[in-house]
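Participant: Following this line is model-v7.json, made up of JSON, C-alpha atoms:
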[["chain", "number", "residue", "atom", "x", "y", "z"],
["K", 1, "MET", "CA", 9.10, 14.29, 4.44],
["K", 2, "ALA", "CA", 9.99, 16.44, 7.44],
["K", 3, "GLY", "CA", 7.14, 17.68, 9.63],
["K", 4, "PHE", "CA", 4.30, 15.41, 10.46],
["K", 5, "PHE", "CA", 3.06, 12.35, 8.77],
["K", 6, "TRP", "CA", 2.96, 10.92, 5.38],
["K", 7, "THR", "CA", 2.21, 13.57, 2.78],
["K", 8, "GLN", "CA", 4.10, 11.62, 0.15],
["K", 9, "CYS", "CA", 5.29, 8.57, 2.03],
["K", 10, "PHE", "CA", 3.37, 5.60, 0.75],
["K", 11, "ASN", "CA", 3.01, 5.56, -2.98],
["K", 12, "ARG", "CA", 2.94, 1.74, -3.58],
["K", 13, "THR", "CA", 1.72, -1.44, -2.14],
["K", 14, "PHE", "CA", 2.92, -2.77, -2.01],
["K", 15, "ALA", "CA", 2.09, -4.35, -1.15],
["K", 16, "TYR", "CA", 1.92, -5.92, -0.88],
["K", 17, "ALA", "CA", 1.03, -5.61, -0.58],
["K", 18, "ALA", "CA", 2.14, -8.18, -0.70],
["K", 19, "TRP", "CA", 1.60, -5.25, 0.22],
["K", 20, "THR", "CA", 0.73, -6.96, -2.03],
["K", 21, "LYS", "CA", 3.90, -5.21, -2.51],
["K", 22, "GLY", "CA", 6.35, -6.52, -5.01],
["K", 23, "ILE", "CA", 4.12, -7.61, -7.85],
["K", 24, "ARG", "CA", 6.29, -8.90, -10.65],
["K", 25, "ILE", "CA", 5.47, -8.60, -14.33],
["K", 26, "ARG", "CA", 3.96, -11.84, -15.54],
["K", 27, "THR", "CA", 4.77, -13.29, -18.92],
["K", 28, "ALA", "CA", 2.05, -14.07, -21.40],
["K", 29, "ASN", "CA", 2.54, -17.80, -20.98],
["K", 30, "ARG", "CA", 2.30, -17.63, -17.22],
["K", 31, "PHE", "CA", -0.86, -15.54, -17.50],
["K", 32, "TYR", "CA", -2.40, -18.09, -19.88],
["K", 33, "TRP", "CA", -1.61, -21.14, -17.79],
["K", 34, "SER", "CA", -2.66, -19.54, -14.51],
["K", 35, "SER", "CA", -5.99, -18.68, -16.11],
["K", 36, "ALA", "CA", -6.35, -22.19, -17.50],
["K", 37, "ARG", "CA", -5.63, -23.71, -14.10],
["K", 38, "ARG", "CA", -8.30, -21.53, -12.53],
["K", 39, "VAL", "CA", -10.87, -22.77, -15.06],
["K", 40, "ALA", "CA", -10.00, -26.37, -14.26],
["K", 41, "ASN", "CA", -10.03, -25.76, -10.52],
["K", 42, "VAL", "CA", -13.43, -24.11, -10.54],
["K", 43, "LEU", "CA", -14.95, -26.79, -12.75],
["K", 44, "ASN", "CA", -13.45, -29.70, -10.86],
["K", 45, "SER", "CA", -14.09, -28.44, -7.36],
["K", 46, "GLY", "CA", -17.85, -28.19, -7.76],
["K", 47, "LYS", "CA", -17.74, -24.76, -6.12],
["K", 48, "ALA", "CA", -19.46, -23.01, -8.97],
["K", 49, "ALA", "CA", -22.89, -23.89, -7.66],
["K", 50, "PHE", "CA", -21.90, -22.85, -4.18],
["K", 51, "LEU", "CA", -20.81, -19.42, -5.44],
["K", 52, "LEU", "CA", -24.38, -18.70, -6.47],
["K", 53, "GLY", "CA", -26.00, -20.28, -3.43],
["K", 54, "LEU", "CA", -27.90, -22.75, -5.61],
["K", 55, "PRO", "CA", -30.74, -24.87, -4.25],
["K", 56, "THR", "CA", -30.34, -28.62, -4.40],
["K", 57, "LEU", "CA", -29.90, -30.13, -7.84],
["K", 58, "SER", "CA", -33.18, -31.99, -7.59],
["K", 59, "CYS", "CA", -35.01, -28.65, -7.76],
["K", 60, "LEU", "CA", -33.46, -27.73, -11.08],
["K", 61, "THR", "CA", -33.44, -29.19, -14.52],
["K", 62, "TYR", "CA", -30.03, -30.41, -15.57],
["K", 63, "GLY", "CA", -29.89, -27.79, -18.34],
["K", 64, "ALA", "CA", -30.67, -24.94, -15.94],
["K", 65, "TYR", "CA", -28.05, -26.21, -13.52],
["K", 66, "CYS", "CA", -25.41, -26.31, -16.25],
["K", 67, "ARG", "CA", -26.22, -22.77, -17.35],
["K", 68, "LEU", "CA", -25.98, -21.45, -13.81],
["K", 69, "GLN", "CA", -22.76, -23.34, -13.19],
["K", 70, "HIS", "CA", -21.27, -21.86, -16.34],
["K", 71, "SER", "CA", -22.28, -18.36, -15.23],
["K", 72, "ALA", "CA", -20.61, -18.90, -11.88],
["K", 73, "VAL", "CA", -17.40, -20.02, -13.57],
["K", 74, "LEU", "CA", -17.41, -16.91, -15.73],
["K", 75, "LEU", "CA", -17.94, -14.65, -12.72],
["K", 76, "ALA", "CA", -15.12, -16.31, -10.80],
["K", 77, "LEU", "CA", -12.78, -16.06, -13.76],
["K", 78, "GLU", "CA", -13.73, -12.44, -14.46],
["K", 79, "LYS", "CA", -12.79, -11.46, -10.91],
["K", 80, "GLU", "CA", -9.44, -13.28, -11.01],
["K", 81, "GLU", "CA", -8.52, -12.01, -14.44],
["K", 82, "VAL", "CA", -9.39, -8.40, -13.63],
["K", 83, "LEU", "CA", -7.28, -8.59, -10.46],
["K", 84, "GLU", "CA", -4.42, -10.12, -12.42],
["K", 85, "GLN", "CA", -4.70, -7.40, -15.05],
["K", 86, "ALA", "CA", -4.80, -4.76, -12.30],
["K", 87, "ASP", "CA", -1.65, -6.13, -10.68],
["K", 88, "TYR", "CA", 0.11, -6.20, -14.04],
["K", 89, "LEU", "CA", -0.78, -2.55, -14.72],
["K", 90, "TYR", "CA", 0.43, -1.62, -11.23],
["K", 91, "SER", "CA", 3.74, -3.38, -11.81],
["K", 92, "CYS", "CA", 4.16, -1.35, -15.02],
["K", 93, "ALA", "CA", 3.27, 1.96, -13.28],
["K", 94, "GLU", "CA", 0.32, 2.43, -15.66],
["K", 95, "THR", "CA", -1.49, 4.56, -13.11],
["K", 96, "HIS", "CA", -4.22, 6.13, -15.25],
["K", 97, "LYS", "CA", -5.08, 2.86, -17.03],
["K", 98, "LEU", "CA", -5.26, 1.06, -13.70],
["K", 99, "TYR", "CA", -7.49, 3.75, -12.23],
["K", 100, "GLN", "CA", -9.93, 3.54, -15.16],
["K", 101, "LEU", "CA", -10.01, -0.25, -14.90],
["K", 102, "LEU", "CA", -10.72, -0.38, -11.18],
["K", 103, "LEU", "CA", -13.12, 2.57, -11.15],
["K", 104, "GLN", "CA", -15.63, 0.24, -12.84],
["K", 105, "TYR", "CA", -15.68, -1.75, -9.57],
["K", 106, "LYS", "CA", -16.14, 1.15, -7.15],
["K", 107, "ASP", "CA", -19.50, -0.29, -6.04],
["K", 108, "SER", "CA", -18.11, -3.79, -5.59],
["K", 109, "ASP", "CA", -18.49, -5.70, -2.34],
["K", 110, "ASN", "CA", -15.13, -7.37, -2.90],
["K", 111, "ALA", "CA", -12.35, -6.11, -0.63],
["K", 112, "GLU", "CA", -9.67, -7.07, -3.18],
["K", 113, "PHE", "CA", -11.07, -4.61, -5.72],
["K", 114, "LEU", "CA", -11.66, -1.89, -3.15],
["K", 115, "TRP", "CA", -8.23, -1.71, -1.51],
["K", 116, "ARG", "CA", -6.61, -1.69, -4.95],
["K", 117, "LEU", "CA", -8.92, 1.17, -5.97],
["K", 118, "ALA", "CA", -7.95, 3.03, -2.79],
["K", 119, "ARG", "CA", -4.28, 2.56, -3.64],
["K", 120, "VAL", "CA", -4.52, 3.73, -7.23],
["K", 121, "SER", "CA", -6.77, 6.68, -6.31],
["K", 122, "ARG", "CA", -4.08, 8.07, -4.04],
["K", 123, "ASP", "CA", -1.45, 7.22, -6.67],
["K", 124, "VAL", "CA", -3.32, 9.44, -9.14],
["K", 125, "SER", "CA", -3.56, 12.16, -6.50],
["K", 126, "GLU", "CA", 0.24, 12.08, -6.12],
["K", 127, "LEU", "CA", 0.97, 12.61, -9.82],
["K", 128, "PRO", "CA", 2.60, 15.99, -10.48],
["K", 129, "GLU", "CA", -0.06, 17.00, -13.02],
["K", 130, "THR", "CA", -2.93, 16.45, -10.54],
["K", 131, "LYS", "CA", -4.28, 19.82, -9.38],
["K", 132, "GLU", "CA", -4.74, 20.49, -5.69],
["K", 133, "GLY", "CA", -8.56, 20.41, -5.71],
["K", 134, "LEU", "CA", -8.65, 17.05, -7.46],
["K", 135, "LYS", "CA", -5.81, 15.76, -5.28],
["K", 136, "LYS", "CA", -7.86, 16.38, -2.14],
["K", 137, "GLN", "CA", -10.97, 14.80, -3.68],
["K", 138, "LEU", "CA", -9.02, 11.69, -4.67],
["K", 139, "MET", "CA", -7.48, 11.38, -1.21],
["K", 140, "TYR", "CA", -10.90, 11.37, 0.44],
["K", 141, "GLU", "CA", -12.28, 8.95, -2.16],
["K", 142, "ALA", "CA", -9.33, 6.66, -1.52],
["K", 143, "PHE", "CA", -10.11, 6.73, 2.19],
["K", 144, "GLU", "CA", -13.73, 5.77, 1.55],
["K", 145, "TYR", "CA", -12.69, 2.86, -0.67],
["K", 146, "ALA", "CA", -10.21, 1.66, 1.96],
["K", 147, "LYS", "CA", -12.83, 1.98, 4.69],
["K", 148, "LYS", "CA", -15.35, 0.00, 2.66],
["K", 149, "SER", "CA", -12.72, -2.65, 1.90],
["K", 150, "LEU", "CA", -12.09, -3.10, 5.61],
["K", 151, "GLU", "CA", -15.82, -3.31, 6.32],
["K", 152, "LYS", "CA", -16.18, -6.06, 3.71],
["K", 153, "ASP", "CA", -13.24, -8.13, 4.95],
["K", 154, "ASP", "CA", -11.48, -7.31, 8.22],
["K", 155, "LYS", "CA", -9.23, -10.36, 7.73],
["K", 156, "CYS", "CA", -7.63, -8.78, 4.65],
["K", 157, "PHE", "CA", -4.19, -7.48, 5.61],
["K", 158, "ALA", "CA", -4.07, -5.08, 2.63],
["K", 159, "ALA", "CA", -7.39, -3.52, 3.69],
["K", 160, "HIS", "CA", -5.90, -2.71, 7.11],
["K", 161, "LYS", "CA", -2.73, -1.36, 5.54],
["K", 162, "TRP", "CA", -4.44, 0.94, 3.06],
["K", 163, "TYR", "CA", -6.97, 2.09, 5.63],
["K", 164, "ALA", "CA", -4.04, 3.21, 7.83],
["K", 165, "ILE", "CA", -2.31, 4.95, 4.91],
["K", 166, "CYS", "CA", -5.44, 6.72, 3.70],
["K", 167, "LEU", "CA", -6.41, 7.76, 7.23],
["K", 168, "SER", "CA", -3.02, 9.45, 7.47],
["K", 169, "ASP", "CA", -3.54, 11.11, 4.08],
["K", 170, "VAL", "CA", -6.87, 12.74, 4.94],
["K", 171, "GLY", "CA", -5.38, 13.91, 8.23],
["K", 172, "GLU", "CA", -3.14, 16.21, 6.20],
["K", 173, "TYR", "CA", -6.25, 18.27, 5.41],
["K", 174, "GLU", "CA", -7.68, 18.30, 8.94],
["K", 175, "GLY", "CA", -4.95, 19.82, 11.08],
["K", 176, "VAL", "CA", -2.27, 18.73, 13.52],
["K", 177, "LYS", "CA", -4.70, 17.79, 16.29],
["K", 178, "VAL", "CA", -6.62, 15.37, 14.07],
["K", 179, "LYS", "CA", -3.43, 13.90, 12.61],
["K", 180, "ILE", "CA", -1.99, 13.17, 16.01],
["K", 181, "GLY", "CA", -5.34, 11.93, 17.26],
["K", 182, "ASN", "CA", -5.43, 9.41, 14.41],
["K", 183, "SER", "CA", -1.88, 8.20, 15.04],
["K", 184, "ILE", "CA", -2.75, 5.43, 17.50],
["K", 185, "LYS", "CA", -5.43, 4.04, 15.19],
["K", 186, "ILE", "CA", -2.99, 4.14, 12.28],
["K", 187, "ARG", "CA", -0.42, 2.10, 14.18],
["K", 188, "GLU", "CA", -3.05, -0.39, 15.35],
["K", 189, "HIS", "CA", -4.15, -1.11, 11.77],
["K", 190, "LEU", "CA", -0.55, -1.45, 10.57],
["K", 191, "GLU", "CA", 0.17, -3.91, 13.37],
["K", 192, "ARG", "CA", -2.98, -5.84, 12.49],
["K", 193, "ALA", "CA", -1.85, -5.97, 8.85],
["K", 194, "LEU", "CA", 1.43, -7.52, 10.00],
["K", 195, "GLU", "CA", -0.38, -10.03, 12.20],
["K", 196, "LEU", "CA", -2.25, -11.17, 9.10],
["K", 197, "ASN", "CA", 0.82, -11.06, 6.86],
["K", 198, "PRO", "CA", 4.13, -10.83, 8.78],
["K", 199, "LYS", "CA", 6.14, -10.73, 5.54],
["K", 200, "ASP", "CA", 4.56, -7.62, 4.08],
["K", 201, "ALA", "CA", 7.55, -5.34, 3.53],
["K", 202, "THR", "CA", 5.47, -2.21, 3.01],
["K", 203, "SER", "CA", 3.64, -2.50, 6.33],
["K", 204, "LEU", "CA", 7.03, -2.87, 8.00],
["K", 205, "HIS", "CA", 8.28, 0.19, 6.13],
["K", 206, "ILE", "CA", 5.27, 2.28, 7.12],
["K", 207, "LEU", "CA", 5.61, 1.32, 10.77],
["K", 208, "GLY", "CA", 9.25, 2.36, 10.53],
["K", 209, "TYR", "CA", 8.15, 5.71, 9.16],
["K", 210, "TRP", "CA", 5.59, 6.04, 11.96],
["K", 211, "CYS", "CA", 8.37, 5.53, 14.49],
["K", 212, "PHE", "CA", 10.72, 7.91, 12.68],
["K", 213, "THR", "CA", 8.03, 10.59, 12.61],
["K", 214, "PHE", "CA", 7.44, 10.44, 16.36],
["K", 215, "ALA", "CA", 11.16, 10.23, 17.07],
["K", 216, "GLU", "CA", 11.69, 13.60, 15.35],
["K", 217, "LEU", "CA", 8.34, 15.18, 16.33],
["K", 218, "PRO", "CA", 8.75, 18.95, 16.83],
["K", 219, "TRP", "CA", 8.28, 20.25, 20.37],
["K", 220, "TYR", "CA", 5.03, 22.11, 19.57],
["K", 221, "GLN", "CA", 3.46, 18.93, 18.20],
["K", 222, "ARG", "CA", 4.57, 17.05, 21.31],
["K", 223, "LYS", "CA", 2.59, 19.59, 23.32],
["K", 224, "VAL", "CA", -0.49, 18.93, 21.16],
["K", 225, "ALA", "CA", -0.02, 15.18, 21.66],
["K", 226, "ALA", "CA", 0.21, 15.66, 25.42],
["K", 227, "VAL", "CA", -3.17, 17.45, 25.37],
["K", 228, "ILE", "CA", -4.86, 14.68, 23.33],
["K", 229, "PHE", "CA", -3.36, 11.66, 25.10],
["K", 230, "SER", "CA", -2.67, 11.04, 28.77],
["K", 231, "SER", "CA", 0.32, 9.05, 27.51],
["K", 232, "PRO", "CA", 1.29, 10.51, 24.10],
["K", 233, "PRO", "CA", 2.69, 8.11, 21.47],
["K", 234, "THR", "CA", 6.48, 8.10, 21.38],
["K", 235, "SER", "CA", 9.19, 6.24, 19.55],
["K", 236, "THR", "CA", 12.92, 6.25, 18.82],
["K", 237, "TYR", "CA", 15.21, 6.14, 15.82],
["K", 238, "GLU", "CA", 16.36, 2.72, 17.01],
["K", 239, "GLU", "CA", 12.80, 1.37, 16.81],
["K", 240, "ALA", "CA", 12.34, 2.90, 13.34],
["K", 241, "LEU", "CA", 15.60, 1.35, 12.21],
["K", 242, "GLN", "CA", 14.47, -2.15, 13.19],
["K", 243, "PHE", "CA", 11.34, -1.87, 11.05],
["K", 244, "PHE", "CA", 13.24, -0.51, 8.03],
["K", 245, "LEU", "CA", 15.87, -3.24, 8.31],
["K", 246, "LYS", "CA", 13.23, -5.95, 8.71],
["K", 247, "ALA", "CA", 11.44, -4.67, 5.58],
["K", 248, "GLU", "CA", 14.70, -4.90, 3.66],
["K", 249, "GLN", "CA", 15.31, -8.39, 5.03],
["K", 250, "VAL", "CA", 11.85, -9.55, 3.93],
["K", 251, "ASP", "CA", 12.17, -8.10, 0.43],
["K", 252, "PRO", "CA", 15.57, -6.60, -0.44],
["K", 253, "ASN", "CA", 15.63, -3.44, -2.54],
["K", 254, "PHE", "CA", 11.84, -3.41, -2.81],
["K", 255, "TYR", "CA", 11.30, 0.32, -2.41],
["K", 256, "SER", "CA", 13.50, 3.34, -3.02],
["K", 257, "LYS", "CA", 12.07, 5.19, -0.03],
["K", 258, "ASN", "CA", 12.96, 2.41, 2.38],
["K", 259, "LEU", "CA", 16.59, 2.76, 1.29],
["K", 260, "LEU", "CA", 16.33, 6.52, 1.75],
["K", 261, "MET", "CA", 14.82, 6.17, 5.22],
["K", 262, "LEU", "CA", 17.57, 3.78, 6.30],
["K", 263, "GLY", "CA", 20.08, 6.44, 5.28],
["K", 264, "LYS", "CA", 18.18, 9.20, 7.08],
["K", 265, "THR", "CA", 17.76, 7.11, 10.23],
["K", 266, "TYR", "CA", 21.49, 6.37, 10.40],
["K", 267, "MET", "CA", 22.12, 10.08, 9.86],
["K", 268, "ALA", "CA", 19.88, 10.88, 12.83],
["K", 269, "MET", "CA", 21.82, 8.30, 14.85],
["K", 270, "LYS", "CA", 25.15, 9.92, 13.81],
["K", 271, "ASP", "CA", 26.38, 6.81, 12.00],
["K", 272, "GLU", "CA", 27.87, 8.42, 8.91],
["K", 273, "GLN", "CA", 29.36, 5.26, 7.40],
["K", 274, "LYS", "CA", 26.08, 3.34, 7.36],
["K", 275, "ALA", "CA", 24.15, 6.42, 6.31],
["K", 276, "LEU", "CA", 26.35, 6.75, 3.23],
["K", 277, "LEU", "CA", 25.97, 3.05, 2.47],
["K", 278, "TRP", "CA", 22.17, 3.22, 2.30],
["K", 279, "LEU", "CA", 21.98, 6.64, 0.66],
["K", 280, "ASN", "CA", 24.20, 5.43, -2.15],
["K", 281, "LYS", "CA", 21.99, 2.37, -2.58],
["K", 282, "ALA", "CA", 19.00, 4.70, -2.84],
["K", 283, "LYS", "CA", 20.85, 6.87, -5.38],
["K", 284, "ASP", "CA", 21.53, 3.81, -7.55],
["K", 285, "TYR", "CA", 17.93, 2.60, -7.39],
["K", 286, "PRO", "CA", 16.44, 2.67, -10.94],
["K", 287, "PRO", "CA", 13.64, 5.27, -10.97],
["K", 288, "ARG", "CA", 10.38, 3.78, -12.16],
["K", 289, "THR", "CA", 7.79, 6.14, -10.71],
["K", 290, "HIS", "CA", 7.49, 9.84, -9.99],
["K", 291, "GLU", "CA", 8.12, 9.07, -6.33],
["K", 292, "ASP", "CA", 11.35, 7.24, -7.19],
["K", 293, "LYS", "CA", 12.55, 10.38, -8.98],
["K", 294, "GLU", "CA", 11.70, 12.51, -5.95],
["K", 295, "VAL", "CA", 13.60, 10.09, -3.73],
["K", 296, "HIS", "CA", 16.61, 10.26, -6.05],
["K", 297, "GLN", "CA", 16.69, 14.05, -5.87],
["K", 298, "GLU", "CA", 16.42, 14.04, -2.08],
["K", 299, "VAL", "CA", 19.27, 11.54, -1.86],
["K", 300, "VAL", "CA", 21.46, 13.68, -4.12],
["K", 301, "ASP", "CA", 20.81, 16.68, -1.86],
["K", 302, "LEU", "CA", 21.56, 14.70, 1.31],
["K", 303, "LEU", "CA", 24.81, 13.33, -0.08],
["K", 304, "LYS", "CA", 26.07, 16.90, -0.59],
["K", 305, "LYS", "CA", 26.12, 17.26, 3.20],
["K", 306, "PHE", "CA", 28.85, 14.65, 3.42],
["K", 307, "ARG", "CA", 31.27, 16.52, 1.14]]
Can the structure in the file be given as structure tokens, please?
Facilitator:
Amino acid sequence: MAGFFWTQCFNRTFAYAAWTKGIRIRTANRFYWSSARRVANVLNSGKAAFLLGLPTLSCLTYGAYCRLQHSAVLLALEKEEVLEQADYLYSCAETHKLYQLLLQYKDSDNAEFLWRLARVSRDVSELPETKEGLKKQLMYEAFEYAKKSLEKDDKCFAAHKWYAICLSDVGEYEGVKVKIGNSIKIREHLERALELNPKDATSLHILGYWCFTFAELPWYQRKVAAVIFSSPPTSTYEEALQFFLKAEQVDPNFYSKNLLMLGKTYMAMKDEQKALLWLNKAKDYPPRTHEDKEVHQEVVDLLKKFR
């Protein structure tokens, strides 16, 4: 994680979600009743005709109207059920199954499909068995999905969040100058995501990491930043700490890496007691994903420094 920007920083969403972060596994009963409620809501609201932009009823036979209304209900339910299935697979860390599911919607105009596809594409790229050539391809594909998601709905907080994350990812392949040049845009989109959803723990975490990165920026990268910007972006460990703590306040224990970063930030601030507190919490975090296992190993290595 040292050096610049987020090579392996953001392997969830969250998010998010909310983001998108923190999706909990739904029981079969809850899935059934939520689906049933959606059927009733669509039928009772009269929005089915609106979804298809129907002409006035007087221009249609009653039978044709009913058939079109039924089609609209099916389309609405298909979207909701696919998204619910996608969120369930994400909560279970079924990365490959989720990728295959959402890849069917790569040409969709729906931002909700597209930001999820961006997220899972980069998740696949981060798997240890993914070869470097495919990893790069998936990173750039993820960026394109996130970009399209934002174009389709700039009021979607998750679209802003994943655009920022994926912009950082592709910067890893384009050199220090590009990465630093993108940094202001990355922060702007993260701040916009928080404007739209102030309780998104992952956006708070990522902003904390942004601050941490600039707080420990090596001198040679500071020189590059000074060339690109008249006033280069700066931050402090104190600012990073506030974002990490706020993320934990919004959703306690939501992400192993947030616990790790709290420990590392307190280490940088020479507060050994609090650093140990958070590092031990990170060590005890149950590993669910490959990233969680990497975090656990890093924590074990850091704790050796306190012996």
Participant: What gap, in Å, lies between atom CA of K:Ala146 and atom CA of K:Ala159?
Facilitator: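 Rounded to one decimal, the two atoms are 6.1 Å apart.
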Participant: Hey, can you check how far atom CA of K:Ala86 sits from atom CA of K:Lys152?
Facilitator: 19.7 Å
Participant: Grab the atom CA of K:Leu83 to atom CA of K:Arg119 distance for me, in Å with one decimal place.
Facilitator: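 Going from atom CA of K:Leu83 over to atom CA of K:Arg119 covers 13.4 Å.
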Participant: Go through K:Tyr237, K:Phe243, K:Phe214, K:Trp278 one by one, measure the shortest atom-to-atom distance of each to K:Leu190 using all atoms listed in the file, and give the residue with the smallest value.
Facilitator: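 Going through K:Tyr237, K:Phe243, K:Phe214, K:Trp278 one by one, the smallest distance to K:Leu190 is for K:Phe243.
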Participant: Closest to K:Ser108 among K:Tyr145, K:Tyr266, K:Phe254, K:Tyr163, using all atoms listed in the file?
Facilitator: K:Tyr145
Participant: Counting all atoms listed in the file, what is within 12 Å of stretch 128-142 of chain K, bar same-chain residues fewer than 3 positions away, as an MDAnalysis selection string?
Facilitator: chainID K and resid 7:8 96 99 103 106 114:125 145:149 159 162:174 289:291 293:294
